[in-house]
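Trainee: My structure is stored as upload38.pdb, with PDB, C-alpha atoms (C1' of nucleotides).
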ATOM      1  CA  MET I   1      14.971 -22.416   7.831
ATOM      2  CA  PHE I   2      11.464 -21.627   6.763
ATOM      3  CA  ILE I   3       9.480 -24.442   5.249
ATOM      4  CA  GLU I   4       6.377 -23.832   3.245
ATOM      5  CA  ILE I   5       4.169 -26.743   2.359
ATOM      6  CA  GLN I   6       1.426 -26.566  -0.238
ATOM      7  CA  THR I   7      -1.067 -29.162   0.912
ATOM      8  CA  ASN I   8      -2.997 -28.963  -2.321
ATOM      9  CA  SER I   9       0.043 -29.506  -4.510
ATOM     10  CA  SER I  10       0.444 -32.646  -6.575
ATOM     11  CA  VAL I  11       3.961 -32.872  -5.213
ATOM     12  CA  PRO I  12       3.803 -35.080  -2.113
ATOM     13  CA  ILE I  13       4.492 -33.405   1.196
ATOM     14  CA  TYR I  14       7.596 -35.425   1.976
ATOM     15  CA  LEU I  15       9.105 -34.421  -1.373
ATOM     16  CA  GLN I  16       8.316 -30.752  -0.906
ATOM     17  CA  LEU I  17      10.033 -30.920   2.453
ATOM     18  CA  ALA I  18      13.047 -32.760   1.052
ATOM     19  CA  GLN I  19      13.368 -30.330  -1.845
ATOM     20  CA  GLN I  20      13.246 -27.329   0.406
ATOM     21  CA  LEU I  21      15.909 -28.837   2.618
ATOM     22  CA  ILE I  22      17.988 -29.435  -0.501
ATOM     23  CA  GLU I  23      17.598 -25.788  -1.400
ATOM     24  CA  GLY I  24      18.622 -24.895   2.120
ATOM     25  CA  ILE I  25      21.806 -26.861   1.647
ATOM     26  CA  ALA I  26      22.404 -25.385  -1.788
ATOM     27  CA  ARG I  27      21.926 -21.920  -0.353
ATOM     28  CA  GLY I  28      24.457 -22.613   2.366
ATOM     29  CA  GLU I  29      21.911 -22.076   5.083
ATOM     30  CA  LEU I  30      22.348 -25.661   6.140
ATOM     31  CA  LYS I  31      26.023 -26.420   6.527
ATOM     32  CA  PRO I  32      27.893 -29.694   6.983
ATOM     33  CA  GLY I  33      27.530 -30.890  10.527
ATOM     34  CA  ASN I  34      24.394 -28.875  11.237
ATOM     35  CA  SER I  35      21.739 -30.927  12.907
ATOM     36  CA  LEU I  36      18.154 -31.143  11.755
ATOM     37  CA  PRO I  37      15.125 -31.320  14.045
ATOM     38  CA  SER I  38      13.970 -34.711  15.224
ATOM     39  CA  VAL I  39      11.269 -36.308  13.150
ATOM     40  CA  ARG I  40       8.750 -35.737  15.905
ATOM     41  CA  ALA I  41       9.666 -32.142  16.631
ATOM     42  CA  PHE I  42       9.786 -31.250  12.939
ATOM     43  CA  ALA I  43       6.503 -32.993  12.286
ATOM     44  CA  ALA I  44       4.808 -31.189  15.131
ATOM     45  CA  ASP I  45       6.301 -27.910  13.967
ATOM     46  CA  LEU I  46       5.082 -28.392  10.415
ATOM     47  CA  GLY I  47       1.779 -29.960  11.374
ATOM     48  CA  MET I  48       2.406 -33.220   9.611
ATOM     49  CA  ASN I  49       2.970 -36.815  10.536
ATOM     50  CA  MET I  50       6.231 -38.122  11.905
ATOM     51  CA  HIS I  51       6.480 -40.638   9.073
ATOM     52  CA  THR I  52       6.269 -37.930   6.489
ATOM     53  CA  VAL I  53       9.309 -36.188   7.899
ATOM     54  CA  ASN I  54      11.007 -39.540   8.277
ATOM     55  CA  LYS I  55      10.396 -40.269   4.624
ATOM     56  CA  ALA I  56      11.903 -36.958   3.610
ATOM     57  CA  TYR I  57      14.956 -37.691   5.743
ATOM     58  CA  HIS I  58      15.464 -41.102   4.197
ATOM     59  CA  TYR I  59      15.080 -39.601   0.758
ATOM     60  CA  LEU I  60      17.937 -37.248   1.587
ATOM     61  CA  GLU I  61      19.964 -39.991   3.204
ATOM     62  CA  GLU I  62      19.717 -42.088   0.044
ATOM     63  CA  LYS I  63      21.278 -39.205  -1.834
ATOM     64  CA  GLU I  64      23.897 -39.011   0.920
ATOM     65  CA  PHE I  65      23.053 -35.400   1.676
ATOM     66  CA  ILE I  66      22.449 -36.125   5.354
ATOM     67  CA  GLN I  67      23.369 -38.736   7.907
ATOM     68  CA  ILE I  68      20.756 -40.387  10.053
ATOM     69  CA  VAL I  69      22.337 -41.545  13.277
ATOM     70  CA  ALA I  70      19.991 -44.051  14.847
ATOM     71  CA  LYS I  71      18.633 -43.049  18.242
ATOM     72  CA  SER I  72      20.615 -39.868  18.113
ATOM     73  CA  GLY I  73      19.671 -37.443  15.423
ATOM     74  CA  VAL I  74      20.034 -36.204  11.896
ATOM     75  CA  ILE I  75      22.856 -34.064  10.572
ATOM     76  CA  ILE I  76      23.971 -32.628   7.275
ATOM     77  CA  GLN I  77      26.873 -34.659   5.856
ATOM     78  CA  PRO I  78      29.602 -33.658   8.331
ATOM     79  CA  ASN I  79      32.493 -34.081   5.916
ATOM     80  CA  GLY I  80      30.822 -32.023   3.261
ATOM     81  CA  ILE I  81      28.935 -33.392   0.303
ATOM     82  CA  PRO I  82      31.328 -34.704  -2.346
ATOM     83  CA  LYS I  83      31.147 -33.470  -5.901
ATOM     84  CA  ALA I  84      28.805 -35.323  -8.231
ATOM     85  CA  THR I  85      30.231 -38.501  -9.700
ATOM     86  CA  ALA I  86      29.917 -39.018 -13.425
ATOM     87  CA  GLN I  87      27.093 -41.399 -12.699
ATOM     88  CA  GLU I  88      25.216 -38.916 -10.546
ATOM     89  CA  GLN I  89      25.634 -36.250 -13.175
ATOM     90  CA  GLN I  90      24.383 -38.652 -15.816
ATOM     91  CA  LYS I  91      21.329 -39.434 -13.728
ATOM     92  CA  LEU I  92      20.629 -35.755 -13.257
ATOM     93  CA  ALA I  93      20.895 -35.198 -17.002
ATOM     94  CA  GLU I  94      18.434 -37.991 -17.667
ATOM     95  CA  GLN I  95      15.931 -36.336 -15.400
ATOM     96  CA  ILE I  96      16.355 -32.946 -16.980
ATOM     97  CA  ARG I  97      16.262 -34.266 -20.546
ATOM     98  CA  PRO I  98      12.492 -34.601 -21.026
ATOM     99  CA  LEU I  99      12.032 -31.083 -19.715
ATOM    100  CA  ILE I 100      14.560 -29.688 -22.146
ATOM    101  CA  ALA I 101      12.865 -31.596 -24.941
ATOM    102  CA  GLU I 102       9.581 -30.032 -23.967
ATOM    103  CA  GLY I 103      11.209 -26.638 -24.010
ATOM    104  CA  LEU I 104      12.438 -27.271 -27.524
ATOM    105  CA  VAL I 105       8.974 -28.252 -28.675
ATOM    106  CA  LEU I 106       7.747 -25.009 -27.170
ATOM    107  CA  LYS I 107      10.257 -23.285 -29.415
ATOM    108  CA  LEU I 108      12.523 -22.139 -26.645
ATOM    109  CA  SER I 109      16.020 -21.654 -27.979
ATOM    110  CA  GLU I 110      19.092 -23.187 -26.441
ATOM    111  CA  GLU I 111      20.067 -19.736 -25.238
ATOM    112  CA  GLU I 112      16.715 -19.102 -23.647
ATOM    113  CA  MET I 113      16.975 -22.326 -21.715
ATOM    114  CA  VAL I 114      20.497 -21.501 -20.643
ATOM    115  CA  VAL I 115      19.240 -18.188 -19.352
ATOM    116  CA  MET I 116      16.480 -20.018 -17.518
ATOM    117  CA  VAL I 117      19.013 -22.255 -15.809
ATOM    118  CA  ARG I 118      21.211 -19.329 -14.840
ATOM    119  CA  GLN I 119      18.210 -17.550 -13.420
ATOM    120  CA  LEU I 120      17.241 -20.639 -11.433
ATOM    121  CA  VAL I 121      20.714 -20.899  -9.968
ATOM    122  CA  GLN I 122      20.500 -17.301  -8.801
ATOM    123  CA  ASN I 123      17.018 -17.746  -7.377
ATOM    124  CA  ILE I 124      18.039 -20.815  -5.449
ATOM    125  CA  LYS I 125      21.133 -19.165  -4.051
ATOM    126  CA  GLU I 126      19.152 -16.110  -3.038
ATOM    127  CA  GLY I 127      16.272 -18.136  -1.722
ATOM    128  CA  THR I 128      13.835 -16.303  -3.951
ATOM    129  CA  SER I 129      11.078 -17.952  -5.887
TER
ATOM    130  CA  MET W   1       9.967 -43.043 -35.588
ATOM    131  CA  PHE W   2      11.509 -45.717 -33.463
ATOM    132  CA  ILE W   3      10.086 -46.166 -30.035
ATOM    133  CA  GLU W   4      11.929 -48.000 -27.336
ATOM    134  CA  ILE W   5      10.153 -48.898 -24.150
ATOM    135  CA  GLN W   6      11.929 -50.046 -21.017
ATOM    136  CA  THR W   7       9.403 -52.252 -19.303
ATOM    137  CA  ASN W   8      11.445 -52.399 -16.130
ATOM    138  CA  SER W   9      11.806 -48.631 -15.859
ATOM    139  CA  SER W  10      10.177 -46.704 -13.052
ATOM    140  CA  VAL W  11       8.903 -44.296 -15.681
ATOM    141  CA  PRO W  12       5.448 -45.493 -16.709
ATOM    142  CA  ILE W  13       5.062 -46.808 -20.231
ATOM    143  CA  TYR W  14       2.639 -44.151 -21.362
ATOM    144  CA  LEU W  15       5.048 -41.451 -20.226
ATOM    145  CA  GLN W  16       8.007 -43.025 -21.955
ATOM    146  CA  LEU W  17       5.975 -43.123 -25.137
ATOM    147  CA  ALA W  18       4.848 -39.525 -24.766
ATOM    148  CA  GLN W  19       8.362 -38.318 -24.039
ATOM    149  CA  GLN W  20       9.776 -40.066 -27.054
ATOM    150  CA  LEU W  21       7.102 -38.533 -29.235
ATOM    151  CA  ILE W  22       7.999 -35.152 -27.768
ATOM    152  CA  GLU W  23      11.617 -35.748 -28.704
ATOM    153  CA  GLY W  24      10.465 -36.729 -32.167
ATOM    154  CA  ILE W  25       8.731 -33.381 -32.474
ATOM    155  CA  ALA W  26      11.710 -31.519 -31.040
ATOM    156  CA  ARG W  27      13.975 -33.286 -33.496
ATOM    157  CA  GLY W  28      11.710 -32.288 -36.393
ATOM    158  CA  GLU W  29      11.041 -35.873 -37.316
ATOM    159  CA  LEU W  30       7.397 -35.303 -36.528
ATOM    160  CA  LYS W  31       6.214 -32.182 -38.303
ATOM    161  CA  PRO W  32       3.019 -30.152 -37.965
ATOM    162  CA  GLY W  33       0.200 -31.929 -39.742
ATOM    163  CA  ASN W  34       1.841 -35.335 -39.638
ATOM    164  CA  SER W  35      -0.525 -38.010 -38.486
ATOM    165  CA  LEU W  36       0.191 -40.496 -35.760
ATOM    166  CA  PRO W  37      -0.876 -44.128 -35.779
ATOM    167  CA  SER W  38      -4.296 -45.016 -34.430
ATOM    168  CA  VAL W  39      -4.338 -46.054 -30.810
ATOM    169  CA  ARG W  40      -5.074 -49.614 -31.822
ATOM    170  CA  ALA W  41      -2.433 -49.880 -34.515
ATOM    171  CA  PHE W  42       0.218 -48.217 -32.362
ATOM    172  CA  ALA W  43      -0.633 -50.400 -29.404
ATOM    173  CA  ALA W  44      -0.385 -53.544 -31.493
ATOM    174  CA  ASP W  45       2.861 -52.323 -32.976
ATOM    175  CA  LEU W  46       4.409 -51.591 -29.598
ATOM    176  CA  GLY W  47       2.921 -54.601 -27.884
ATOM    177  CA  MET W  48       0.931 -52.620 -25.375
ATOM    178  CA  ASN W  49      -2.664 -51.894 -24.599
ATOM    179  CA  MET W  50      -4.793 -49.450 -26.531
ATOM    180  CA  HIS W  51      -5.508 -47.473 -23.391
ATOM    181  CA  THR W  52      -1.843 -46.950 -22.712
ATOM    182  CA  VAL W  53      -1.325 -45.319 -26.101
ATOM    183  CA  ASN W  54      -4.515 -43.377 -25.587
ATOM    184  CA  LYS W  55      -3.183 -42.063 -22.307
ATOM    185  CA  ALA W  56       0.032 -40.924 -23.956
ATOM    186  CA  TYR W  57      -1.980 -39.157 -26.658
ATOM    187  CA  HIS W  58      -4.119 -37.336 -24.153
ATOM    188  CA  TYR W  59      -1.028 -36.340 -22.227
ATOM    189  CA  LEU W  60       0.283 -34.721 -25.401
ATOM    190  CA  GLU W  61      -3.069 -33.207 -26.240
ATOM    191  CA  GLU W  62      -3.202 -31.533 -22.839
ATOM    192  CA  LYS W  63       0.071 -29.851 -23.689
ATOM    193  CA  GLU W  64      -1.419 -28.938 -27.055
ATOM    194  CA  PHE W  65       1.345 -30.709 -28.933
ATOM    195  CA  ILE W  66      -1.104 -32.812 -30.905
ATOM    196  CA  GLN W  67      -4.721 -32.692 -31.952
ATOM    197  CA  ILE W  68      -7.000 -35.619 -31.364
ATOM    198  CA  VAL W  69      -9.789 -35.466 -33.922
ATOM    199  CA  ALA W  70     -12.558 -37.680 -32.654
ATOM    200  CA  LYS W  71     -13.434 -40.552 -34.918
ATOM    201  CA  SER W  72     -10.777 -39.526 -37.342
ATOM    202  CA  GLY W  73      -7.227 -39.624 -36.087
ATOM    203  CA  VAL W  74      -4.372 -37.939 -34.343
ATOM    204  CA  ILE W  75      -2.099 -35.319 -35.879
ATOM    205  CA  ILE W  76       0.729 -33.091 -34.764
ATOM    206  CA  GLN W  77      -0.540 -29.533 -34.239
ATOM    207  CA  PRO W  78      -1.212 -28.578 -37.865
ATOM    208  CA  ASN W  79      -0.597 -24.868 -37.420
ATOM    209  CA  GLY W  80       2.676 -25.451 -35.664
ATOM    210  CA  ILE W  81       3.170 -25.399 -31.936
ATOM    211  CA  PRO W  82       3.181 -21.848 -30.631
ATOM    212  CA  LYS W  83       6.061 -20.524 -28.619
ATOM    213  CA  ALA W  84       5.877 -21.065 -24.886
ATOM    214  CA  THR W  85       3.767 -18.565 -23.017
ATOM    215  CA  ALA W  86       5.246 -16.939 -19.950
ATOM    216  CA  GLN W  87       3.124 -19.261 -17.892
ATOM    217  CA  GLU W  88       4.343 -22.371 -19.674
ATOM    218  CA  GLN W  89       7.914 -21.238 -19.315
ATOM    219  CA  GLN W  90       7.330 -20.597 -15.635
ATOM    220  CA  LYS W  91       5.917 -24.075 -15.191
ATOM    221  CA  LEU W  92       8.893 -25.592 -16.937
ATOM    222  CA  ALA W  93      11.244 -23.650 -14.696
ATOM    223  CA  GLU W  94       9.436 -24.916 -11.609
ATOM    224  CA  GLN W  95       9.940 -28.460 -12.753
ATOM    225  CA  ILE W  96      13.606 -27.972 -13.482
ATOM    226  CA  ARG W  97      14.297 -26.072 -10.281
ATOM    227  CA  PRO W  98      14.637 -28.997  -7.841
ATOM    228  CA  LEU W  99      17.021 -30.695 -10.239
ATOM    229  CA  ILE W 100      19.207 -27.621 -10.458
ATOM    230  CA  ALA W 101      19.147 -27.340  -6.693
ATOM    231  CA  GLU W 102      20.311 -30.917  -6.455
ATOM    232  CA  GLY W 103      23.080 -30.148  -8.902
ATOM    233  CA  LEU W 104      24.200 -27.259  -6.716
ATOM    234  CA  VAL W 105      24.280 -29.469  -3.646
ATOM    235  CA  LEU W 106      26.420 -31.869  -5.654
ATOM    236  CA  LYS W 107      28.796 -28.979  -6.170
ATOM    237  CA  LEU W 108      28.133 -28.600  -9.860
ATOM    238  CA  SER W 109      28.885 -25.062 -10.933
ATOM    239  CA  GLU W 110      26.484 -22.887 -12.878
ATOM    240  CA  GLU W 111      28.725 -23.295 -15.903
ATOM    241  CA  GLU W 112      28.789 -27.056 -15.621
ATOM    242  CA  MET W 113      25.028 -27.157 -15.582
ATOM    243  CA  VAL W 114      24.835 -24.819 -18.525
ATOM    244  CA  VAL W 115      27.137 -27.155 -20.409
ATOM    245  CA  MET W 116      24.908 -30.033 -19.421
ATOM    246  CA  VAL W 117      21.875 -28.268 -20.855
ATOM    247  CA  ARG W 118      23.654 -27.419 -24.098
ATOM    248  CA  GLN W 119      24.741 -31.018 -24.413
ATOM    249  CA  LEU W 120      21.197 -32.214 -23.852
ATOM    250  CA  VAL W 121      19.888 -29.894 -26.538
ATOM    251  CA  GLN W 122      22.374 -31.320 -29.005
ATOM    252  CA  ASN W 123      21.612 -34.898 -28.039
ATOM    253  CA  ILE W 124      17.908 -34.385 -28.437
ATOM    254  CA  LYS W 125      18.285 -32.705 -31.808
ATOM    255  CA  GLU W 126      20.577 -35.468 -33.000
ATOM    256  CA  GLY W 127      18.461 -38.187 -31.510
ATOM    257  CA  THR W 128      21.387 -39.562 -29.569
ATOM    258  CA  SER W 129      21.248 -40.685 -25.990
TER
ATOM    259  C1'  DA K   1      19.579 -45.560  37.769
ATOM    260  C1'  DC K   2      15.870 -43.116  35.757
ATOM    261  C1'  DC K   3      13.597 -40.571  32.285
ATOM    262  C1'  DT K   4      13.187 -38.364  28.043
ATOM    263  C1'  DT K   5      14.204 -38.341  23.292
ATOM    264  C1'  DT K   6      15.727 -40.560  19.303
ATOM    265  C1'  DG K   7      15.131 -43.169  14.892
ATOM    266  C1'  DT K   8      13.168 -47.814  13.880
ATOM    267  C1'  DT K   9       9.836 -51.090  13.021
ATOM    268  C1'  DC K  10       5.325 -53.155  12.545
ATOM    269  C1'  DT K  11       0.874 -52.860  11.260
ATOM    270  C1'  DA K  12      -2.800 -50.676   9.018
ATOM    271  C1'  DC K  13      -5.746 -48.238   6.052
ATOM    272  C1'  DT K  14      -7.008 -45.476   2.236
ATOM    273  C1'  DT K  15      -6.213 -43.578  -2.052
ATOM    274  C1'  DC K  16      -4.174 -43.265  -6.364
ATOM    275  C1'  DT K  17      -1.608 -44.947 -10.439
ATOM    276  C1'  DA K  18      -0.609 -47.990 -14.034
ATOM    277  C1'  DT K  19      -1.819 -51.453 -17.006
ATOM    278  C1'  DT K  20      -4.536 -54.545 -19.298
ATOM    279  C1'  DG K  21      -8.902 -56.324 -21.055
ATOM    280  C1'  DT K  22     -13.583 -56.514 -23.276
ATOM    281  C1'  DA K  23     -17.272 -54.417 -25.297
ATOM    282  C1'  DA K  24     -20.165 -51.187 -27.296
ATOM    283  C1'  DC K  25     -20.948 -46.563 -29.359
ATOM    284  C1'  DA K  26     -21.020 -42.790 -32.790
ATOM    285  C1'  DC K  27     -19.200 -40.849 -36.446
ATOM    286  C1'  DA K  28     -15.645 -40.315 -40.698
ATOM    287  C1'  DT K  29     -13.859 -42.204 -44.412
ATOM    288  C1'  DT K  30     -13.817 -45.147 -48.193
TER
ATOM    289  C1'  DA L   1     -22.504 -50.657 -46.515
ATOM    290  C1'  DA L   2     -18.187 -51.721 -44.455
ATOM    291  C1'  DT L   3     -14.235 -50.384 -42.159
ATOM    292  C1'  DG L   4     -11.613 -47.612 -39.106
ATOM    293  C1'  DT L   5     -11.527 -43.996 -35.826
ATOM    294  C1'  DG L   6     -11.413 -42.110 -30.990
ATOM    295  C1'  DT L   7     -14.690 -42.412 -27.023
ATOM    296  C1'  DT L   8     -16.772 -44.357 -23.270
ATOM    297  C1'  DA L   9     -18.005 -47.648 -19.843
ATOM    298  C1'  DC L  10     -17.122 -51.266 -16.870
ATOM    299  C1'  DA L  11     -13.946 -54.283 -14.895
ATOM    300  C1'  DA L  12     -10.047 -56.244 -12.683
ATOM    301  C1'  DT L  13      -5.366 -56.669 -10.961
ATOM    302  C1'  DA L  14      -1.114 -55.218  -9.109
ATOM    303  C1'  DG L  15       1.579 -52.069  -7.039
ATOM    304  C1'  DA L  16       3.020 -47.724  -5.099
ATOM    305  C1'  DA L  17       2.140 -43.680  -2.352
ATOM    306  C1'  DG L  18       0.636 -41.235   1.515
ATOM    307  C1'  DT L  19      -0.692 -40.952   5.994
ATOM    308  C1'  DA L  20      -1.232 -42.747  10.541
ATOM    309  C1'  DG L  21      -0.850 -45.006  15.510
ATOM    310  C1'  DA L  22       1.670 -47.702  18.665
ATOM    311  C1'  DA L  23       5.357 -50.032  20.575
ATOM    312  C1'  DC L  24      10.513 -50.854  20.696
ATOM    313  C1'  DA L  25      15.465 -50.349  21.746
ATOM    314  C1'  DA L  26      19.092 -47.513  22.503
ATOM    315  C1'  DA L  27      21.405 -42.963  23.111
ATOM    316  C1'  DG L  28      21.686 -38.880  25.969
ATOM    317  C1'  DG L  29      20.845 -36.031  29.822
ATOM    318  C1'  DT L  30      19.574 -35.641  34.605
TER
END
Written as structure tokens, how would this file's structure read?
Mentor:
Amino acid sequence: MFIEIQTNSSVPIYLQLAQQLIEGIARGELKPGNSLPSVRAFAADLGMNMHTVNKAYHYLEEKEFIQIVAKSGVIIQPNGIPKATAQEQQKLAEQIRPLIAEGLVLKLSEEEMVVMVRQLVQNIKEGTS
Amino acid sequence: MFIEIQTNSSVPIYLQLAQQLIEGIARGELKPGNSLPSVRAFAADLGMNMHTVNKAYHYLEEKEFIQIVAKSGVIIQPNGIPKATAQEQQKLAEQIRPLIAEGLVLKLSEEEMVVMVRQLVQNIKEGTS
DNA sequence: ACCTTTGTTCTACTTCTATTGTAACACATT
DNA sequence: AATGTGTTACAATAGAAGTAGAACAAAGGT
């Protein structure tokens, strides 16, 4: 699992880390039950503070993508991550909505945006940018 | 153009305003050349500060969706908003990407997400939630 | 039993964001 | 000339975000 952090990005470090871990899960590189590095080891590895990694972990725990076992370690949801509930899907849609609206203003057609989504799915699964 | 602001939302007021104006443009309710209220009038109307409206306007100006004519007023891009450049489309894709990745982790299929996007397009065009 | 490693917690500091407010300015429009 | 416009400046408050160091309690390995 290669992590690349852009220190000059407007996206906070902990979020970049969390998002890349999410992509790792989506890609199947991180499977249910797999353990993640300790906050200290990961932080040292990535050259960042322990709290930053910790924040990323808790972000993922809130989404129930991982389990943080106190004084033990962090693992990807061992029983597999359940399919999105209607509520989760709704929340996702709400987040995507303003971006779709912006696409419409920029005269992108529905089809073009569908293609964009399909392309993104492929890129994520392949781990390409 | 009805604006609804959720004061308890985590989305800042100025952004909510900007996003709703964007939807207004996407919906065709706000056409090229149409003028928008003055920062003072709009602020009074919406019960917010002048600077907050001003911030929303500048957010939209940065995206070149509107023109702010100093000492005169604010209008929707009079010559029409040009189609997204490759760069703009790329930027949009980058913003959508983490959300798609999250959808994948939540076991949403490519098709389900495509349906979600199509639904969003319709909702935006109809002005429904 | 001892030691290392683990996530947790507390405290702390700095920076940035968001929002509101007042006031004055320069220029269009009427 | 008066009004209305966005701009700018200065100010203040509240809160969140980001990063950081140190100590703590318990799990795990030896």
Trainee: Return chain I as a compact mmCIF listing (two decimals) with C-alpha atoms, in the frame of the given file, after superposing it on chain W by a least-squares fit that covers all C-alpha atoms paired in order.
Mentor:
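Dumped everything to superposed-v5.txt:
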# COMPACT_ATOMS: atom_id res chain seq x y z
CA MET I 1 9.98 -43.02 -35.60
CA PHE I 2 11.54 -45.67 -33.45
CA ILE I 3 10.10 -46.11 -30.00
CA GLU I 4 11.95 -47.93 -27.30
CA ILE I 5 10.13 -48.85 -24.14
CA GLN I 6 11.87 -50.00 -20.99
CA THR I 7 9.30 -52.19 -19.29
CA ASN I 8 11.32 -52.34 -16.10
CA SER I 9 11.69 -48.58 -15.81
CA SER I 10 10.03 -46.65 -13.02
CA VAL I 11 8.80 -44.24 -15.66
CA PRO I 12 5.34 -45.43 -16.72
CA ILE I 13 5.01 -46.74 -20.24
CA TYR I 14 2.59 -44.07 -21.38
CA LEU I 15 5.02 -41.37 -20.24
CA GLN I 16 7.99 -42.97 -21.96
CA LEU I 17 5.96 -43.06 -25.14
CA ALA I 18 4.82 -39.46 -24.77
CA GLN I 19 8.35 -38.27 -24.05
CA GLN I 20 9.76 -40.02 -27.05
CA LEU I 21 7.09 -38.50 -29.24
CA ILE I 22 7.98 -35.11 -27.77
CA GLU I 23 11.59 -35.72 -28.70
CA GLY I 24 10.45 -36.69 -32.17
CA ILE I 25 8.71 -33.36 -32.48
CA ALA I 26 11.68 -31.49 -31.05
CA ARG I 27 13.94 -33.24 -33.52
CA GLY I 28 11.72 -32.24 -36.40
CA GLU I 29 11.02 -35.82 -37.31
CA LEU I 30 7.38 -35.27 -36.55
CA LYS I 31 6.18 -32.15 -38.31
CA PRO I 32 2.98 -30.14 -37.99
CA GLY I 33 0.18 -31.91 -39.76
CA ASN I 34 1.83 -35.33 -39.66
CA SER I 35 -0.53 -38.01 -38.51
CA LEU I 36 0.22 -40.49 -35.77
CA PRO I 37 -0.82 -44.15 -35.79
CA SER I 38 -4.20 -45.06 -34.40
CA VAL I 39 -4.24 -46.08 -30.78
CA ARG I 40 -4.93 -49.66 -31.75
CA ALA I 41 -2.32 -49.91 -34.48
CA PHE I 42 0.32 -48.22 -32.34
CA ALA I 43 -0.52 -50.39 -29.37
CA ALA I 44 -0.28 -53.54 -31.42
CA ASP I 45 2.97 -52.33 -32.93
CA LEU I 46 4.50 -51.59 -29.55
CA GLY I 47 2.99 -54.58 -27.80
CA MET I 48 1.05 -52.58 -25.28
CA ASN I 49 -2.55 -51.85 -24.48
CA MET I 50 -4.67 -49.46 -26.47
CA HIS I 51 -5.39 -47.41 -23.35
CA THR I 52 -1.74 -46.88 -22.72
CA VAL I 53 -1.26 -45.28 -26.10
CA ASN I 54 -4.48 -43.36 -25.60
CA LYS I 55 -3.17 -42.00 -22.34
CA ALA I 56 0.03 -40.86 -23.98
CA TYR I 57 -1.98 -39.12 -26.69
CA HIS I 58 -4.14 -37.29 -24.19
CA TYR I 59 -1.06 -36.27 -22.27
CA LEU I 60 0.25 -34.66 -25.44
CA GLU I 61 -3.11 -33.17 -26.29
CA GLU I 62 -3.26 -31.47 -22.89
CA LYS I 63 0.02 -29.79 -23.74
CA GLU I 64 -1.48 -28.89 -27.12
CA PHE I 65 1.29 -30.67 -28.99
CA ILE I 66 -1.15 -32.80 -30.96
CA GLN I 67 -4.78 -32.73 -31.97
CA ILE I 68 -7.04 -35.68 -31.38
CA VAL I 69 -9.83 -35.64 -33.92
CA ALA I 70 -12.55 -37.93 -32.64
CA LYS I 71 -13.31 -40.90 -34.86
CA SER I 72 -10.72 -39.75 -37.32
CA GLY I 73 -7.18 -39.74 -36.10
CA VAL I 74 -4.35 -37.98 -34.37
CA ILE I 75 -2.11 -35.34 -35.89
CA ILE I 76 0.70 -33.08 -34.79
CA GLN I 77 -0.58 -29.53 -34.26
CA PRO I 78 -1.26 -28.56 -37.89
CA ASN I 79 -0.65 -24.85 -37.42
CA GLY I 80 2.62 -25.41 -35.68
CA ILE I 81 3.15 -25.35 -31.95
CA PRO I 82 3.16 -21.78 -30.64
CA LYS I 83 6.06 -20.48 -28.61
CA ALA I 84 5.89 -21.02 -24.86
CA THR I 85 3.80 -18.49 -22.99
CA ALA I 86 5.30 -16.88 -19.92
CA GLN I 87 3.17 -19.20 -17.86
CA GLU I 88 4.36 -22.31 -19.65
CA GLN I 89 7.94 -21.21 -19.28
CA GLN I 90 7.37 -20.56 -15.60
CA LYS I 91 5.92 -24.03 -15.17
CA LEU I 92 8.88 -25.55 -16.94
CA ALA I 93 11.25 -23.65 -14.67
CA GLU I 94 9.45 -24.91 -11.60
CA GLN I 95 9.93 -28.45 -12.75
CA ILE I 96 13.60 -27.98 -13.48
CA ARG I 97 14.31 -26.11 -10.25
CA PRO I 98 14.63 -29.05 -7.84
CA LEU I 99 17.00 -30.74 -10.25
CA ILE I 100 19.20 -27.68 -10.47
CA ALA I 101 19.16 -27.43 -6.70
CA GLU I 102 20.31 -31.02 -6.49
CA GLY I 103 23.07 -30.25 -8.93
CA LEU I 104 24.22 -27.40 -6.74
CA VAL I 105 24.30 -29.63 -3.69
CA LEU I 106 26.41 -32.02 -5.72
CA LYS I 107 28.80 -29.13 -6.22
CA LEU I 108 28.14 -28.72 -9.90
CA SER I 109 28.90 -25.18 -10.95
CA GLU I 110 26.51 -22.99 -12.85
CA GLU I 111 28.75 -23.38 -15.88
CA GLU I 112 28.79 -27.14 -15.63
CA MET I 113 25.03 -27.22 -15.57
CA VAL I 114 24.84 -24.87 -18.52
CA VAL I 115 27.13 -27.20 -20.41
CA MET I 116 24.89 -30.09 -19.44
CA VAL I 117 21.86 -28.30 -20.85
CA ARG I 118 23.65 -27.44 -24.08
CA GLN I 119 24.73 -31.03 -24.44
CA LEU I 120 21.17 -32.22 -23.86
CA VAL I 121 19.86 -29.89 -26.54
CA GLN I 122 22.35 -31.32 -29.01
CA ASN I 123 21.57 -34.90 -28.05
CA ILE I 124 17.87 -34.36 -28.45
CA LYS I 125 18.27 -32.69 -31.81
CA GLU I 126 20.54 -35.45 -33.02
CA GLY I 127 18.41 -38.16 -31.52
CA THR I 128 21.35 -39.54 -29.59
CA SER I 129 21.20 -40.67 -26.01
Trainee: Using the chain letters and numbers from the file, give me the residues hit by the PyMOL selection byres ((chain K) within 8 of (chain I)), as JSON, numbers by chain.
Mentor: {"K": [6, 7, 8]}
Trainee: Quick one: residues within 9 Å of stretch 22-34 of chain I, all atoms listed in the file, excluding same-chain residues fewer than 5 positions away - as a VMD selection string?
Mentor: (chain I and resid 1 17 60 65 to 66 74 to 81 124 to 127) or (chain W and resid 98 101 to 107)
Trainee: Let me make sure I understand: among W:Lys83, W:Ala93, W:Ala41, W:Gln6, which one has the smallest atom-to-atom distance to chain L if we use only C-alpha atoms (C1' of nucleotides)?
Mentor: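 For chain L, the nearest of the given residues is W:Ala41.
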